[in-house]
Amino acid sequence: MPKLVLIQPRFGHSEVDRNIKTVYPLGLGYLASHVPPRWDVEIIDEQLEKIDFNLKADMVGLTTTILTANRAYEIAGEFRKRGVTVIIGGVHASMLPDEAIRFCDAVCIGDGEQAIVRILEDFEKGKLKKKYTGELGPLTGLKPPRRDIFKKGYTFMPVNTSRGCPFSCHFCVINEFYQGKYRKREVEDVIRELRELPGKGYVIFFTDGNMVGYSANDVKRFKELCRRIIEEKKAGRFRARAFMGYASVNALDDDELLDLASQAGCSALFVGFESINPASLKDMNKALNLKYGPESYGRLIDKAHRRKIAVVGEFIVGNDSDDAAVLEETRKFLAGSNLDILRLQLLQPLPGTKLYANLEKEGRLFLKNFPEDWKKAEKDFIMGVNFQLKNLNARELRTWAVETGLEFYNFKNILKRAWRFFKDTGDLKWAVIIMVLNYKSRKSYANVTIE
């Protein structure tokens, strides 16, 4: 029986590495479920285990992001030296297939479930092509991922209910990867998968780029999913303790949605607030945030707290409209905000995004020698400055970000934040969890070295 080994390369950045271990690489699980039964399949996550390059395999498949690209190329080289055919896919390879093909035998562009079948058939016929493009068809009937072949050691149980995003933020590659399409699974299809999840007492992490969406139909679908989860809980068929996922600010302004999410077990929402500066929001094409206005952020977070839902606020600085005055206003806002967890990041140009294309056209990218320079992006992904800023000094911006993060996560604020969440929600357990996560986040900022 021929063997296919699917590999998630390790992340060189320590903080990204720590965070990625919270969920297993679900995409590889989906690929494995679509592999014909005449093939044996193994999954290796280099975050948790070492790769034996002498293992017996007929083909190796590697998934990539900008943070794992060079490691993927290294792994590919080791297996090809041993005569193993190597396929590379994932976001990075999909955005830069001509780069990736230099290091492998074939590149998979986009979704791989249908492409993997064609790849294996062509391989067996000795007619492997250089490039394969996945289909972006409806998610109805998508086979459930092979969860049985993942190792133990992850924090959350990943589940995916949609692919793509209804928005087109200039810094995000999701929209380009899915060609502007936002595809959603049917509610009952998701419920069937939730019923079949192994074990009990886990926390589900919905890995969707945006689990709520924006249109009336998108929001209706999410509410129906919550109603069905509530029914499953009452029937004793929903064995998870809670769930969390990504959403946009519109989700925080819908009382019925928040009520249903809370009843269904939503414990936290990751929300892209991005900036308090309207000009920067315009730079990022965050029309929805502009519609609500940064002045609404505190009110929206409070609405989630009243339903015992924690809010993880994501902010990005380094836009062309950001200057010293904007940074000071942002610092004051964050210091006085009611966010439970802050994810503050410097703007990063990723291949395939509108941001990257614009900066490349303007000659402002520092990353020009590829693929070697992807290591620079990987080394300091959260706090690195990889392009010429317009109104800010790179060192001063990095210093500001670290100091702002440490101020948000100073010991007094951590305790105050946990107490506030407990007072607002009465949920002592999650208040303690928030306090622990705050301490861990503080360490992330404390470990940044400003050169």
# chains A, B, ... in the order shown; residues from 1 in each chain; ligands from 1

$ select_by_dssp --residues "range 165-217 of chain A" --states "helix (DSSP H, G or I)" --output "PyMOL selection string"
chain A and resi 174-177+187-196+216-217

$ residues_around --residues "Gly293 in chain A" --least-positions-apart "3" --cutoff "12 Å" --atoms "only C-alpha atoms" --output "list in words"
Val249, Asn250, Phe273, Glu274, Ser275, Ile276, Asn277, Pro278, Ala279, Ser280, Leu281, Lys282, Lys286, Ala287, Leu288, Asn289, Leu290, Ser296, Tyr297, Gly298, Arg299 and Leu300 of chain A

$ write_last_selection --atoms "N, CA and C atoms" --output "mmCIF file, in the first residue's frame"
data_model
loop_
_atom_site.group_PDB
_atom_site.id
_atom_site.type_symbol
_atom_site.label_atom_id
_atom_site.label_comp_id
_atom_site.auth_asym_id
_atom_site.auth_seq_id
_atom_site.Cartn_x
_atom_site.Cartn_y
_atom_site.Cartn_z
ATOM 1 N N VAL A 249 -17.010 43.395 14.501
ATOM 2 C CA VAL A 249 -17.694 44.232 15.497
ATOM 3 C C VAL A 249 -19.206 44.131 15.397
ATOM 4 N N ASN A 250 -19.747 43.810 14.208
ATOM 5 C CA ASN A 250 -21.201 43.696 14.086
ATOM 6 C C ASN A 250 -21.769 42.630 14.996
ATOM 7 N N PHE A 273 -10.726 44.913 16.035
ATOM 8 C CA PHE A 273 -10.991 46.350 16.150
ATOM 9 C C PHE A 273 -9.984 47.128 15.300
ATOM 10 N N GLU A 274 -8.755 46.650 15.270
ATOM 11 C CA GLU A 274 -7.652 47.106 14.425
ATOM 12 C C GLU A 274 -7.096 48.484 14.770
ATOM 13 N N SER A 275 -7.949 49.508 14.912
ATOM 14 C CA SER A 275 -7.427 50.850 15.168
ATOM 15 C C SER A 275 -8.527 51.743 15.735
ATOM 16 N N ILE A 276 -8.109 52.784 16.470
ATOM 17 C CA ILE A 276 -9.063 53.799 16.923
ATOM 18 C C ILE A 276 -9.007 55.023 16.011
ATOM 19 N N ASN A 277 -8.144 54.988 15.003
ATOM 20 C CA ASN A 277 -7.956 56.108 14.094
ATOM 21 C C ASN A 277 -8.766 55.876 12.817
ATOM 22 N N PRO A 278 -9.804 56.686 12.547
ATOM 23 C CA PRO A 278 -10.620 56.485 11.342
ATOM 24 C C PRO A 278 -9.808 56.458 10.053
ATOM 25 N N ALA A 279 -8.772 57.291 9.959
ATOM 26 C CA ALA A 279 -7.955 57.302 8.744
ATOM 27 C C ALA A 279 -7.222 55.979 8.566
ATOM 28 N N SER A 280 -6.762 55.385 9.659
ATOM 29 C CA SER A 280 -6.077 54.093 9.587
ATOM 30 C C SER A 280 -7.058 52.985 9.224
ATOM 31 N N LEU A 281 -8.274 53.063 9.753
ATOM 32 C CA LEU A 281 -9.298 52.087 9.386
ATOM 33 C C LEU A 281 -9.592 52.161 7.891
ATOM 34 N N LYS A 282 -9.585 53.383 7.363
ATOM 35 C CA LYS A 282 -9.783 53.549 5.921
ATOM 36 C C LYS A 282 -8.610 52.950 5.152
ATOM 37 N N LYS A 286 -11.328 48.858 6.435
ATOM 38 C CA LYS A 286 -12.218 48.362 7.494
ATOM 39 C C LYS A 286 -13.488 49.208 7.522
ATOM 40 N N ALA A 287 -14.291 49.108 6.451
ATOM 41 C CA ALA A 287 -15.498 49.918 6.321
ATOM 42 C C ALA A 287 -16.479 49.646 7.456
ATOM 43 N N LEU A 288 -16.567 48.394 7.889
ATOM 44 C CA LEU A 288 -17.505 48.048 8.960
ATOM 45 C C LEU A 288 -17.137 48.772 10.252
ATOM 46 N N ASN A 289 -15.845 48.779 10.598
ATOM 47 C CA ASN A 289 -15.413 49.460 11.809
ATOM 48 C C ASN A 289 -15.661 50.957 11.718
ATOM 49 N N LEU A 290 -15.476 51.514 10.518
ATOM 50 C CA LEU A 290 -15.755 52.936 10.317
ATOM 51 C C LEU A 290 -17.243 53.225 10.504
ATOM 52 N N SER A 296 -17.510 53.455 19.627
ATOM 53 C CA SER A 296 -18.479 52.428 20.025
ATOM 54 C C SER A 296 -17.817 51.214 20.656
ATOM 55 N N TYR A 297 -16.491 51.109 20.570
ATOM 56 C CA TYR A 297 -15.810 49.886 20.991
ATOM 57 C C TYR A 297 -16.128 49.508 22.439
ATOM 58 N N GLY A 298 -16.034 50.468 23.341
ATOM 59 C CA GLY A 298 -16.283 50.171 24.752
ATOM 60 C C GLY A 298 -17.693 49.673 24.987
ATOM 61 N N ARG A 299 -18.668 50.298 24.354
ATOM 62 C CA ARG A 299 -20.068 49.890 24.493
ATOM 63 C C ARG A 299 -20.269 48.465 23.983
ATOM 64 N N LEU A 300 -19.646 48.134 22.857
ATOM 65 C CA LEU A 300 -19.808 46.807 22.270
ATOM 66 C C LEU A 300 -19.184 45.726 23.150
#

$ residues_around --residues "range 106-114 of chain A" --least-positions-apart "6" --cutoff "10 Å" --atoms "only C-alpha atoms" --output "VMD selection string"
chain A and resid 27 to 35 61 to 63 85 to 100 128 to 137 142 to 143 163 176 to 179

$ closest_residue --among "A:Leu252, A:Val436, A:Leu350, A:Val448" --to "Gly405 in chain A" --atoms "only C-alpha atoms"
A:Val448

$ atom_distance --atom1 "CA of Ile229 in chain A" --atom2 "CA of Leu342 in chain A"
28.5 Å

$ atom_distance --atom1 "CA of Lys234 in chain A" --atom2 "CA of Tyr246 in chain A"
25.2 Å

$ atom_distance --atom1 "CA of Ala268 in chain A" --atom2 "CA of Phe421 in chain A"
12.0 Å

$ closest_residue --among "A:Val190, A:Met157, A:Cys226, A:Leu120" --to "Gly141 in chain A" --atoms "only C-alpha atoms"
A:Val190

$ residues_around --residues "range 372-375 of chain A" --least-positions-apart "6" --cutoff "8 Å" --atoms "only C-alpha atoms" --output "VMD selection string"
chain A and resid 66 to 67 69 to 70

$ closest_residue --among "A:Ala401, A:Val60, A:Ala264, A:Leu26" --to "Ile382 in chain A" --atoms "only C-alpha atoms"
A:Ala401

$ select_by_dssp --residues "range 242-407 of chain A" --states "strand (DSSP E)" --output "tab-separated table (two decimals) with N, CA and C atoms, in the first residue's frame"
chain	number	residue	atom	x	y	z
A	242	ALA	N	-17.32	24.62	26.20
A	242	ALA	CA	-17.53	25.96	25.68
A	242	ALA	C	-16.97	26.03	24.27
A	243	PHE	N	-17.14	27.19	23.62
A	243	PHE	CA	-16.52	27.41	22.32
A	243	PHE	C	-16.10	28.87	22.19
A	244	MET	N	-15.21	29.12	21.25
A	244	MET	CA	-14.76	30.48	20.95
A	244	MET	C	-14.44	30.57	19.47
A	245	GLY	N	-14.30	31.80	18.97
A	245	GLY	CA	-13.99	31.95	17.56
A	245	GLY	C	-13.84	33.41	17.18
A	246	TYR	N	-13.62	33.65	15.89
A	246	TYR	CA	-13.39	34.99	15.35
A	246	TYR	C	-14.69	35.60	14.84
A	247	ALA	N	-14.85	36.90	15.06
A	247	ALA	CA	-16.01	37.63	14.57
A	247	ALA	C	-15.62	39.08	14.36
A	266	CYS	N	-20.65	30.09	24.18
A	266	CYS	CA	-19.56	30.94	23.70
A	266	CYS	C	-18.88	31.60	24.89
A	267	SER	N	-17.58	31.38	25.03
A	267	SER	CA	-16.83	31.93	26.15
A	267	SER	C	-15.97	33.12	25.75
A	268	ALA	N	-15.62	33.23	24.46
A	268	ALA	CA	-14.76	34.33	24.03
A	268	ALA	C	-14.92	34.57	22.53
A	269	LEU	N	-14.82	35.83	22.14
A	269	LEU	CA	-14.82	36.21	20.74
A	269	LEU	C	-13.55	37.01	20.44
A	270	PHE	N	-12.90	36.66	19.35
A	270	PHE	CA	-11.72	37.39	18.89
A	270	PHE	C	-12.21	38.40	17.85
A	271	VAL	N	-12.03	39.68	18.15
A	271	VAL	CA	-12.63	40.73	17.33
A	271	VAL	C	-11.55	41.66	16.79
A	272	GLY	N	-11.58	41.90	15.48
A	272	GLY	CA	-10.61	42.79	14.85
A	272	GLY	C	-11.05	44.24	14.93
A	273	PHE	N	-10.73	44.91	16.04
A	273	PHE	CA	-10.99	46.35	16.15
A	273	PHE	C	-9.98	47.13	15.30
A	274	GLU	N	-8.76	46.65	15.27
A	274	GLU	CA	-7.65	47.11	14.43
A	274	GLU	C	-7.10	48.48	14.77
A	310	ALA	N	-16.02	36.81	27.00
A	310	ALA	CA	-14.79	37.60	27.01
A	310	ALA	C	-14.48	38.10	25.60
A	311	VAL	N	-13.80	39.23	25.51
A	311	VAL	CA	-13.46	39.82	24.21
A	311	VAL	C	-11.95	39.95	24.08
A	312	VAL	N	-11.42	39.31	23.05
A	312	VAL	CA	-10.01	39.43	22.71
A	312	VAL	C	-9.91	40.47	21.60
A	313	GLY	N	-9.30	41.60	21.90
A	313	GLY	CA	-9.24	42.70	20.94
A	313	GLY	C	-7.96	42.68	20.13
A	314	GLU	N	-8.09	42.69	18.82
A	314	GLU	CA	-6.93	42.68	17.93
A	314	GLU	C	-6.73	44.09	17.36
A	315	PHE	N	-5.50	44.61	17.52
A	315	PHE	CA	-5.16	45.95	17.04
A	315	PHE	C	-3.88	45.89	16.23
A	316	ILE	N	-3.82	46.71	15.19
A	316	ILE	CA	-2.65	46.78	14.31
A	316	ILE	C	-2.19	48.23	14.19
A	317	VAL	N	-0.91	48.47	14.36
A	317	VAL	CA	-0.36	49.81	14.20
A	317	VAL	C	0.77	49.77	13.17
A	341	ILE	N	-8.39	40.63	26.78
A	341	ILE	CA	-7.06	40.26	26.28
A	341	ILE	C	-6.76	41.14	25.07
A	342	LEU	N	-5.54	41.61	24.98
A	342	LEU	CA	-5.10	42.45	23.87
A	342	LEU	C	-4.13	41.68	22.98
A	343	ARG	N	-4.38	41.72	21.68
A	343	ARG	CA	-3.43	41.18	20.71
A	343	ARG	C	-2.99	42.35	19.84
A	344	LEU	N	-1.87	42.93	20.20
A	344	LEU	CA	-1.34	44.12	19.53
A	344	LEU	C	-0.20	43.70	18.60
A	345	GLN	N	-0.27	44.10	17.35
A	345	GLN	CA	0.72	43.67	16.37
A	345	GLN	C	1.08	44.82	15.45
A	346	LEU	N	2.33	44.85	15.01
A	346	LEU	CA	2.74	45.80	14.00
A	346	LEU	C	2.29	45.29	12.63

$ residues_around --residues "range 213-215 of chain A" --least-positions-apart "6" --cutoff "9 Å" --atoms "only C-alpha atoms" --output "ChimeraX atom specification"
/A:165-167,182,222,247-248,250-251

$ write_last_selection --atoms "C-alpha atoms" --output "PDB file, in the first residue's frame"
ATOM      1  CA  CYS A 165     -14.427  36.058   4.798  1.00  0.00           C
ATOM      2  CA  PRO A 166     -17.097  38.554   3.690  1.00  0.00           C
ATOM      3  CA  PHE A 167     -14.616  41.413   4.112  1.00  0.00           C
ATOM      4  CA  TYR A 182     -17.204  33.276   1.646  1.00  0.00           C
ATOM      5  CA  PHE A 222     -24.921  31.689  12.977  1.00  0.00           C
ATOM      6  CA  ALA A 247     -16.007  37.628  14.566  1.00  0.00           C
ATOM      7  CA  SER A 248     -16.291  41.273  13.560  1.00  0.00           C
ATOM      8  CA  ASN A 250     -21.201  43.696  14.086  1.00  0.00           C
ATOM      9  CA  ALA A 251     -21.472  40.511  16.159  1.00  0.00           C
TER      10      ALA A 251
END

$ decode --residues "range 94-106 of chain A" --atoms "N, CA and C atoms" --output "short mmCIF file (atom, residue, chain, number, x, y, z; two decimals), in the first residue's frame"
data_model
loop_
_atom_site.label_atom_id
_atom_site.label_comp_id
_atom_site.auth_asym_id
_atom_site.auth_seq_id
_atom_site.Cartn_x
_atom_site.Cartn_y
_atom_site.Cartn_z
N SER A 94 0.31 28.95 -2.27
CA SER A 94 -0.77 29.37 -3.16
C SER A 94 -0.56 30.79 -3.67
N MET A 95 -0.01 31.64 -2.82
CA MET A 95 0.26 33.02 -3.22
C MET A 95 1.51 33.13 -4.09
N LEU A 96 2.48 32.24 -3.86
CA LEU A 96 3.76 32.29 -4.58
C LEU A 96 4.12 30.91 -5.14
N PRO A 97 3.29 30.38 -6.03
CA PRO A 97 3.53 29.03 -6.55
C PRO A 97 4.84 28.91 -7.33
N ASP A 98 5.23 29.97 -8.02
CA ASP A 98 6.48 29.90 -8.79
C ASP A 98 7.71 29.83 -7.89
N GLU A 99 7.61 30.40 -6.70
CA GLU A 99 8.69 30.24 -5.73
C GLU A 99 8.70 28.83 -5.16
N ALA A 100 7.52 28.35 -4.76
CA ALA A 100 7.42 27.04 -4.10
C ALA A 100 7.86 25.90 -5.01
N ILE A 101 7.55 26.00 -6.31
CA ILE A 101 7.85 24.89 -7.21
C ILE A 101 9.35 24.66 -7.35
N ARG A 102 10.16 25.64 -6.99
CA ARG A 102 11.62 25.46 -7.03
C ARG A 102 12.09 24.43 -6.01
N PHE A 103 11.26 24.12 -5.03
CA PHE A 103 11.69 23.27 -3.93
C PHE A 103 10.90 21.97 -3.82
N CYS A 104 10.03 21.70 -4.78
CA CYS A 104 9.21 20.50 -4.68
C CYS A 104 8.90 19.95 -6.06
N ASP A 105 8.09 18.91 -6.11
CA ASP A 105 7.74 18.29 -7.39
C ASP A 105 6.42 18.81 -7.94
N ALA A 106 5.55 19.31 -7.05
CA ALA A 106 4.27 19.88 -7.48
C ALA A 106 3.74 20.82 -6.41
#
